[in-house]
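Visitor: I am attaching a structure below and will ask some questions about it afterwards.
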Amino acid sequence: MPLPPAPTKRAALLKPEAYLLTAPQEEAQESAAAETAPPPRKRAKARAGGVAAAAPAAAKAAEAPGLPAKAAAATQARGRPAQDRPAHDAAPAGASNVTPIRTAAAAAPRKRRATGPKKMFVLDTNVLLHDPTSLFRFEEHDIFLPMIVLEELDAHKKGMTEVARNGRQASRTLDALAAAHGADDMAHGLRLDATGQRAATGSLFFQTAPLSYQLPSSLPQGKADNQILGVVEALRKLHAPREVVLVSKDINMRVKARALGLVAEDYQNDKALEDGDLLYTGSLALPPDFWTKAGRNVESWQSGAHMYYRIGGPVVSQLMINQFVYFEAPGEPSLYARVTEIRDKTAVLETLKDYGSAKNAVWGVNTRNREQNFAMNLLMDPDVDFVTLTGTAGTGKTLMALASGLTQVLDERRYTEIIMTRATVSVGEDIGFLPGTEEEKMGPWMGALDDNLEFLAKGDGGNAGEWGRAATNELIRSRIKIKSMNFMRGRTFLNKYVIIDEAQNLTPKQMKTLITRAGPGTKIICMGNLAQIDTPYLTEGSSGLTYAVDRFKGWPHSGHILLARGERSRLADFASEVL
């Protein structure tokens with residue numbers, strides 16, 4: 001196998017160790033070339049000619065204005081192959097005091113500098129119980145855990161609840177960090193990136209010694225929250241002027257900390273969005289002058305029952321796949337379409353099927369507004385595997401999901417059955433244990449299912465079709481299975497139509513557990529009202545429904561629609577606005 005050619009990199013960019021590593025290869029290459037080289041006289045002549053040819057170029061470079069002689073020589077040396085350079089241009093193999101023109105440190109890429117001094121965050125127990133990976137979410141800053149936090153973690157580790165599981169995971173993470181360093185480094189801090197979490201470059205500190213602090217006498221000294229506040233006060237004095245921040249999910253804890261003059265913050269990393277108003281709506285109104293500006297460059301064609309438009313312009317940068325666009329202006333024809341393709345600076349729009357007309361009724365149900373028609377196009381599209389619907393009470397989320405599900409299960413035979421589940425979070429106090437089987441226990445939670453099935457079975461929404469008239473209530477219910485989320489782990493749904501109701505009460509982890517149950521041919525519909533969250537510690541920004549909408553936007557096989565107008569009754573619409 002022939003040896004590779006000599007390196008042609010500039011000597012200024014090579015590390016000092018590179019000379020030692022490549023020296024044996026160069027010697028072997030020279031020895032191998034010596035066996036097949038021309039006679040010494042011709043070789044010396046050729047080499048002298050190369051040096052002579054290079055000399056005038058060096059002289060011209062030295063005569064250039066503003067260029068020192070040494071720099072000109074170095075420039076010329078970099079332009080010649082490595083074997084033709086003078087001996088003084090190469091570093092001796094045994095020399096240790098030779099410094100290259102540009103050091104390796106200068107050639108290395110610069111790291112991003114922090115925007116400010118490193119802070120020290122003191123974590124409350126509820127932060128670890130809420131997100132076990134919160135230890136690695138503070139980038140370059142340090143984390144301090146009081147001893148009382150470890151005691152509370154130990155108290156919450158038993159049980160099968162989500163809180164107990166998170167407590168055990170947090171304890172395992174702390175054990176892995178401690179094992180990676182050893183007991184000798186506990187007092188000096190544990191590197192958070194020791195277990196492979198490269199985003200966290202700070203250190204983790206435990207309370208290894210008692211801290212002296214003084215809190216107001218009105219605060220009981222034995223309470224865990226007050227002990228954590230005392231630790232924050234002691235650290236603030238000990239590490240002044242460094243900023244020490246308490247991170248807690250407990251609102252009262254943060255209020256007490258601010259009353260004592262301490263800096264306290266909520267844990268923000270679990271929020272998909274800072275503001276619920278920034279959530280992706282799934283639809284976009286085209287500007288009033290859209291056809292005036294883009295009308296000349298629009299391409300249109302028809303395929304089947306749909307019209308397609310290829311548009312360009314600045315509006316393309318705002319579009320996503322499966323996003324709905326509409327154009328409404330007085331005196332001009334309206335356009336309702338869905339984005340099916342985005343390529344470079346152009347996008348393809350596909351017109352929609354009008355489910356508001358009687359001939360396109362879905363199990364006797366017609367859409368009554370623009371957003372409902374958008375949602376029905378997603379629900380009836382077999383290429384869309386995941387649909388999220390959000391909106392206030394009475395916007396028709398459950399009714400449309402059930403109507404499209406019954407049509408695709410009983411009429412089109414696209415799916416084998418409908419599986420419906422929901423988060424069992426009470427609005428008020430719990431009524432206790434419920435008797436019966438799994439479906440009987442879930443019965444009280446499925447009042448919305450019963451109400452909508454009663455409407456669909458009677459066909460009050462219009463002509464229900466042949467199947468709707470012939471099917472009895474028992475037949476419809478035989479194709480609908482009610483399941484509890486507590487037994488979903490490990491299951492796989494094949495060719496199912498899955499409806500997840502009240503999804504705003506799910507955590508991101510629970511949402512991931514449910515969505516990953518989908519097998520081939522399964523469609524999942526998540527519905528919820530982000531204004532009616534009953535789960536503690538969940539907000540509009542940290543809900544699992546918000547998390548799913550934000551992560552799935554733009555995926556070609558998913559869609560989302562915000563239903564803005566209620567169609568239940570004028571009383572329900574007015575109550576949603578003023579109450």
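Following the order of the structure tokens, chains are lettered A, B, ..., residues in each are numbered from 1, and ligands are numbered from 1.
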What's the 12 Å shell around A:Thr507, counting only C-alpha atoms, without same-chain residues fewer than 3 positions away, as a PyMOL selection string?

Guide: chain A and resi 130-131+162-163+270-272+423+502-504+510-514+533-548

Visitor: Generate a file of the selected residues that holds C-alpha atoms, formatted as a PDB file, in the first residue's frame.

Guide:
ATOM      1  CA  HIS A 130     -42.327  17.951  38.241  1.00  0.00           C
ATOM      2  CA  ASP A 131     -39.379  17.454  35.866  1.00  0.00           C
ATOM      3  CA  GLU A 162     -46.442  10.194  38.343  1.00  0.00           C
ATOM      4  CA  VAL A 163     -44.951  12.135  41.241  1.00  0.00           C
ATOM      5  CA  ASP A 270     -41.280  22.901  30.981  1.00  0.00           C
ATOM      6  CA  LYS A 271     -43.278  25.462  29.038  1.00  0.00           C
ATOM      7  CA  ALA A 272     -43.529  24.952  25.316  1.00  0.00           C
ATOM      8  CA  ALA A 423     -57.758  12.327  31.628  1.00  0.00           C
ATOM      9  CA  GLU A 502     -59.785  16.674  27.706  1.00  0.00           C
ATOM     10  CA  ALA A 503     -56.156  16.470  26.568  1.00  0.00           C
ATOM     11  CA  GLN A 504     -55.350  19.827  28.176  1.00  0.00           C
ATOM     12  CA  GLN A 510     -48.459  11.392  29.378  1.00  0.00           C
ATOM     13  CA  MET A 511     -49.135  12.809  25.926  1.00  0.00           C
ATOM     14  CA  LYS A 512     -46.023  11.106  24.581  1.00  0.00           C
ATOM     15  CA  THR A 513     -47.100   7.816  26.160  1.00  0.00           C
ATOM     16  CA  LEU A 514     -50.494   7.936  24.430  1.00  0.00           C
ATOM     17  CA  ILE A 533     -56.975  23.038  32.969  1.00  0.00           C
ATOM     18  CA  ASP A 534     -57.692  21.192  36.225  1.00  0.00           C
ATOM     19  CA  THR A 535     -54.342  19.429  36.764  1.00  0.00           C
ATOM     20  CA  PRO A 536     -52.183  21.055  39.461  1.00  0.00           C
ATOM     21  CA  TYR A 537     -48.920  22.672  38.295  1.00  0.00           C
ATOM     22  CA  LEU A 538     -50.072  22.669  34.657  1.00  0.00           C
ATOM     23  CA  THR A 539     -50.591  25.912  32.760  1.00  0.00           C
ATOM     24  CA  GLU A 540     -51.475  26.787  29.191  1.00  0.00           C
ATOM     25  CA  GLY A 541     -47.797  26.919  28.313  1.00  0.00           C
ATOM     26  CA  SER A 542     -46.820  23.609  29.936  1.00  0.00           C
ATOM     27  CA  SER A 543     -49.862  21.479  29.053  1.00  0.00           C
ATOM     28  CA  GLY A 544     -49.296  18.314  27.067  1.00  0.00           C
ATOM     29  CA  LEU A 545     -51.775  19.523  24.448  1.00  0.00           C
ATOM     30  CA  THR A 546     -49.772  22.713  23.905  1.00  0.00           C
ATOM     31  CA  TYR A 547     -46.613  20.621  23.756  1.00  0.00           C
ATOM     32  CA  ALA A 548     -48.064  18.338  21.069  1.00  0.00           C
TER      33      ALA A 548
END

Visitor: Enumerate, in order of chain and increasing residue number, the residues of stretch 197-260 of chain A with an atom no farther than 7 Å from stretch 138-152 of chain A, each with its shortest atom pair and distance in Å to one decimal, counting only C-alpha atoms, as CSV.

Guide:
residue,atom,partner,partner_atom,distance
A:Ala199,CA,A:Glu139,CA,5.7
A:Ala200,CA,A:Glu139,CA,4.4
A:Thr201,CA,A:Glu140,CA,4.6
A:Gly202,CA,A:Glu140,CA,4.6
A:Ser203,CA,A:Asp142,CA,4.9
A:Leu204,CA,A:Ile143,CA,4.9
A:Phe205,CA,A:Phe144,CA,4.7
A:Phe206,CA,A:Leu145,CA,5.1
A:Gln207,CA,A:Pro146,CA,5.2
A:Ala224,CA,A:Ile148,CA,6.5
A:Ile228,CA,A:Pro146,CA,6.6
A:Val231,CA,A:Pro146,CA,6.9

Visitor: Pull C-alpha atoms from the residues just selected and write them as a PDB file, in the first residue's frame.

Guide:
ATOM      1  CA  ALA A 199     -25.859  21.183  27.538  1.00  0.00           C
ATOM      2  CA  ALA A 200     -25.300  21.527  31.296  1.00  0.00           C
ATOM      3  CA  THR A 201     -21.813  22.909  31.951  1.00  0.00           C
ATOM      4  CA  GLY A 202     -22.334  24.003  35.550  1.00  0.00           C
ATOM      5  CA  SER A 203     -21.841  22.128  38.808  1.00  0.00           C
ATOM      6  CA  LEU A 204     -24.158  20.549  41.350  1.00  0.00           C
ATOM      7  CA  PHE A 205     -23.612  21.361  45.028  1.00  0.00           C
ATOM      8  CA  PHE A 206     -25.108  19.598  48.021  1.00  0.00           C
ATOM      9  CA  GLN A 207     -25.493  21.019  51.496  1.00  0.00           C
ATOM     10  CA  ALA A 224     -39.464  22.411  55.018  1.00  0.00           C
ATOM     11  CA  ILE A 228     -35.152  26.111  52.103  1.00  0.00           C
ATOM     12  CA  VAL A 231     -30.592  28.110  52.945  1.00  0.00           C
TER      13      VAL A 231
END

Visitor: What's the 10 Å shell around A:Ala164, counting only C-alpha atoms, without same-chain residues fewer than 5 positions away, as a ChimeraX atom specification?

Guide: /A:129,153-159,169-170

Visitor: One decimal, Å: what's the distance from atom CA of A:Leu215 over to atom CA of A:His239, could you say?

Guide: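 So the answer is 18.1 Å.
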
Visitor: Quick one: residues within 8 Å of A:Val245, only C-alpha atoms, excluding same-chain residues fewer than 5 positions away - as a list in words?

Guide: Lys119, Met120, Phe121, Val122, Val232, Leu262, Val263, Ala264 and Glu265 of chain A

Visitor: Could the residues in this selection be written to a file with N, CA, C and O atoms, as a short mmCIF file (atom, residue, chain, number, x, y, z; two decimals), in the first residue's frame?

Guide:
data_model
loop_
_atom_site.label_atom_id
_atom_site.label_comp_id
_atom_site.auth_asym_id
_atom_site.auth_seq_id
_atom_site.Cartn_x
_atom_site.Cartn_y
_atom_site.Cartn_z
N LYS A 119 -24.92 32.16 37.73
CA LYS A 119 -25.81 32.23 38.88
C LYS A 119 -25.80 30.90 39.62
O LYS A 119 -25.32 29.89 39.12
N MET A 120 -26.35 30.93 40.82
CA MET A 120 -26.56 29.71 41.59
C MET A 120 -28.05 29.56 41.84
O MET A 120 -28.68 30.42 42.44
N PHE A 121 -28.61 28.46 41.34
CA PHE A 121 -30.04 28.20 41.48
C PHE A 121 -30.25 27.16 42.59
O PHE A 121 -29.65 26.09 42.57
N VAL A 122 -31.12 27.50 43.53
CA VAL A 122 -31.51 26.58 44.59
C VAL A 122 -32.86 25.98 44.19
O VAL A 122 -33.85 26.71 44.05
N VAL A 232 -31.36 29.65 51.21
CA VAL A 232 -31.17 30.66 50.18
C VAL A 232 -30.61 31.94 50.79
O VAL A 232 -29.71 32.59 50.22
N LEU A 262 -35.58 37.93 48.79
CA LEU A 262 -34.84 36.92 48.03
C LEU A 262 -35.36 36.87 46.60
O LEU A 262 -36.52 37.17 46.32
N VAL A 263 -34.49 36.46 45.69
CA VAL A 263 -34.86 36.34 44.28
C VAL A 263 -35.48 34.96 44.07
O VAL A 263 -34.87 33.94 44.42
N ALA A 264 -36.68 34.92 43.52
CA ALA A 264 -37.39 33.66 43.30
C ALA A 264 -37.99 33.67 41.90
O ALA A 264 -38.48 34.70 41.43
N GLU A 265 -37.96 32.51 41.25
CA GLU A 265 -38.49 32.36 39.90
C GLU A 265 -39.26 31.06 39.79
O GLU A 265 -39.04 30.11 40.54
#

Visitor: Please identify the strand (DSSP E or B) residues within stretch 121-241 of chain A (assignment by DSSP from backbone atoms) and present them as a PyMOL selection string.

Guide: chain A and resi 121-123+142-145+190-191+203-206

Visitor: Do you have the atom CA of A:Asp385-atom CA of A:Ser558 distance handy?

Guide: 5.9 Å

Visitor: So that I can see what lies close to stretch 486-499 of chain A, please list as an MDAnalysis selection string the residues with an atom at most 7 Å from it, counting only C-alpha atoms and leaving out residues fewer than 5 positions away in the same chain.

Guide: chainID A and resid 405 415:421 513:514 517:526

Visitor: Now that the selection is made, can you save its residues with N, CA and C atoms as a tab-separated table (two decimals), in the first residue's frame?

Guide:
chain	number	residue	atom	x	y	z
A	405	GLY	N	-65.47	9.66	12.96
A	405	GLY	CA	-65.05	8.32	13.34
A	405	GLY	C	-66.06	7.26	12.98
A	415	TYR	N	-61.20	2.07	9.50
A	415	TYR	CA	-60.68	1.67	10.81
A	415	TYR	C	-61.61	0.61	11.39
A	416	THR	N	-61.08	-0.20	12.30
A	416	THR	CA	-61.86	-1.29	12.85
A	416	THR	C	-62.77	-0.84	13.97
A	417	GLU	N	-62.34	0.08	14.81
A	417	GLU	CA	-63.16	0.54	15.92
A	417	GLU	C	-62.65	1.87	16.43
A	418	ILE	N	-63.46	2.49	17.27
A	418	ILE	CA	-63.13	3.77	17.90
A	418	ILE	C	-62.73	3.50	19.34
A	419	ILE	N	-61.59	4.03	19.73
A	419	ILE	CA	-61.13	3.94	21.12
A	419	ILE	C	-61.13	5.35	21.70
A	420	MET	N	-61.82	5.52	22.81
A	420	MET	CA	-61.94	6.84	23.41
A	420	MET	C	-61.42	6.80	24.84
A	421	THR	N	-60.63	7.80	25.20
A	421	THR	CA	-60.10	7.91	26.54
A	421	THR	C	-60.00	9.38	26.90
A	513	THR	N	-46.74	9.21	25.93
A	513	THR	CA	-47.10	7.82	26.16
A	513	THR	C	-48.29	7.41	25.31
A	514	LEU	N	-49.29	8.28	25.19
A	514	LEU	CA	-50.49	7.94	24.43
A	514	LEU	C	-50.24	7.95	22.93
A	517	ARG	N	-48.52	4.97	21.25
A	517	ARG	CA	-49.25	3.69	21.18
A	517	ARG	C	-49.74	3.39	19.77
A	518	ALA	N	-49.67	4.36	18.88
A	518	ALA	CA	-50.24	4.22	17.54
A	518	ALA	C	-49.43	3.23	16.71
A	519	GLY	N	-50.14	2.28	16.12
A	519	GLY	CA	-49.53	1.34	15.20
A	519	GLY	C	-49.90	1.68	13.77
A	520	PRO	N	-49.64	0.78	12.81
A	520	PRO	CA	-49.97	1.05	11.40
A	520	PRO	C	-51.47	1.26	11.22
A	521	GLY	N	-51.83	2.27	10.44
A	521	GLY	CA	-53.23	2.52	10.12
A	521	GLY	C	-54.03	3.17	11.21
A	522	THR	N	-53.43	3.70	12.24
A	522	THR	CA	-54.15	4.30	13.37
A	522	THR	C	-54.14	5.82	13.25
A	523	LYS	N	-55.24	6.42	13.62
A	523	LYS	CA	-55.39	7.87	13.61
A	523	LYS	C	-55.73	8.32	15.02
A	524	ILE	N	-55.05	9.38	15.49
A	524	ILE	CA	-55.24	9.89	16.84
A	524	ILE	C	-55.75	11.32	16.77
A	525	ILE	N	-56.80	11.60	17.54
A	525	ILE	CA	-57.37	12.94	17.63
A	525	ILE	C	-57.29	13.39	19.08
A	526	CYS	N	-56.61	14.51	19.32
A	526	CYS	CA	-56.49	15.08	20.66
A	526	CYS	C	-57.33	16.35	20.70

Visitor: Would you return as a list in words the members of stretch 489-571 of chain A that DSSP assigns to alpha helix (DSSP H) on this structure's backbone?

Guide: Pro508, Lys509, Gln510, Met511, Lys512, Thr513, Leu514, Ile515, Gly544, Leu545, Thr546, Tyr547, Ala548, Val549, Asp550, Arg551, Phe552, Arg570 and Leu571 of chain A

Visitor: What's around A:Asn297 at 8 Å? Count only C-alpha atoms, leave out sequence neighbours fewer than 3 positions away in its own chain, and write the answer as JSON, numbers by chain.

Guide: {"A": [294, 311, 312]}

Visitor: What does the distance between atom CA of A:Thr516 and atom CA of A:Lys249 come to in Å, to one decimal place?

Guide: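 Between atom CA of A:Thr516 and atom CA of A:Lys249 the gap works out to 28.4 Å.
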
Visitor: Determine, counting only C-alpha atoms, which protein, DNA and RNA residues have an atom within 12 Å of an atom of A:Gly313; residues of the same chain fewer than 3 positions away are not included. Present the result as JSON, numbers by chain.

Guide: {"A": [286, 287, 290, 291, 292, 293, 294, 295, 296, 297, 298, 310, 316, 317, 318, 319, 344, 345, 346, 347]}
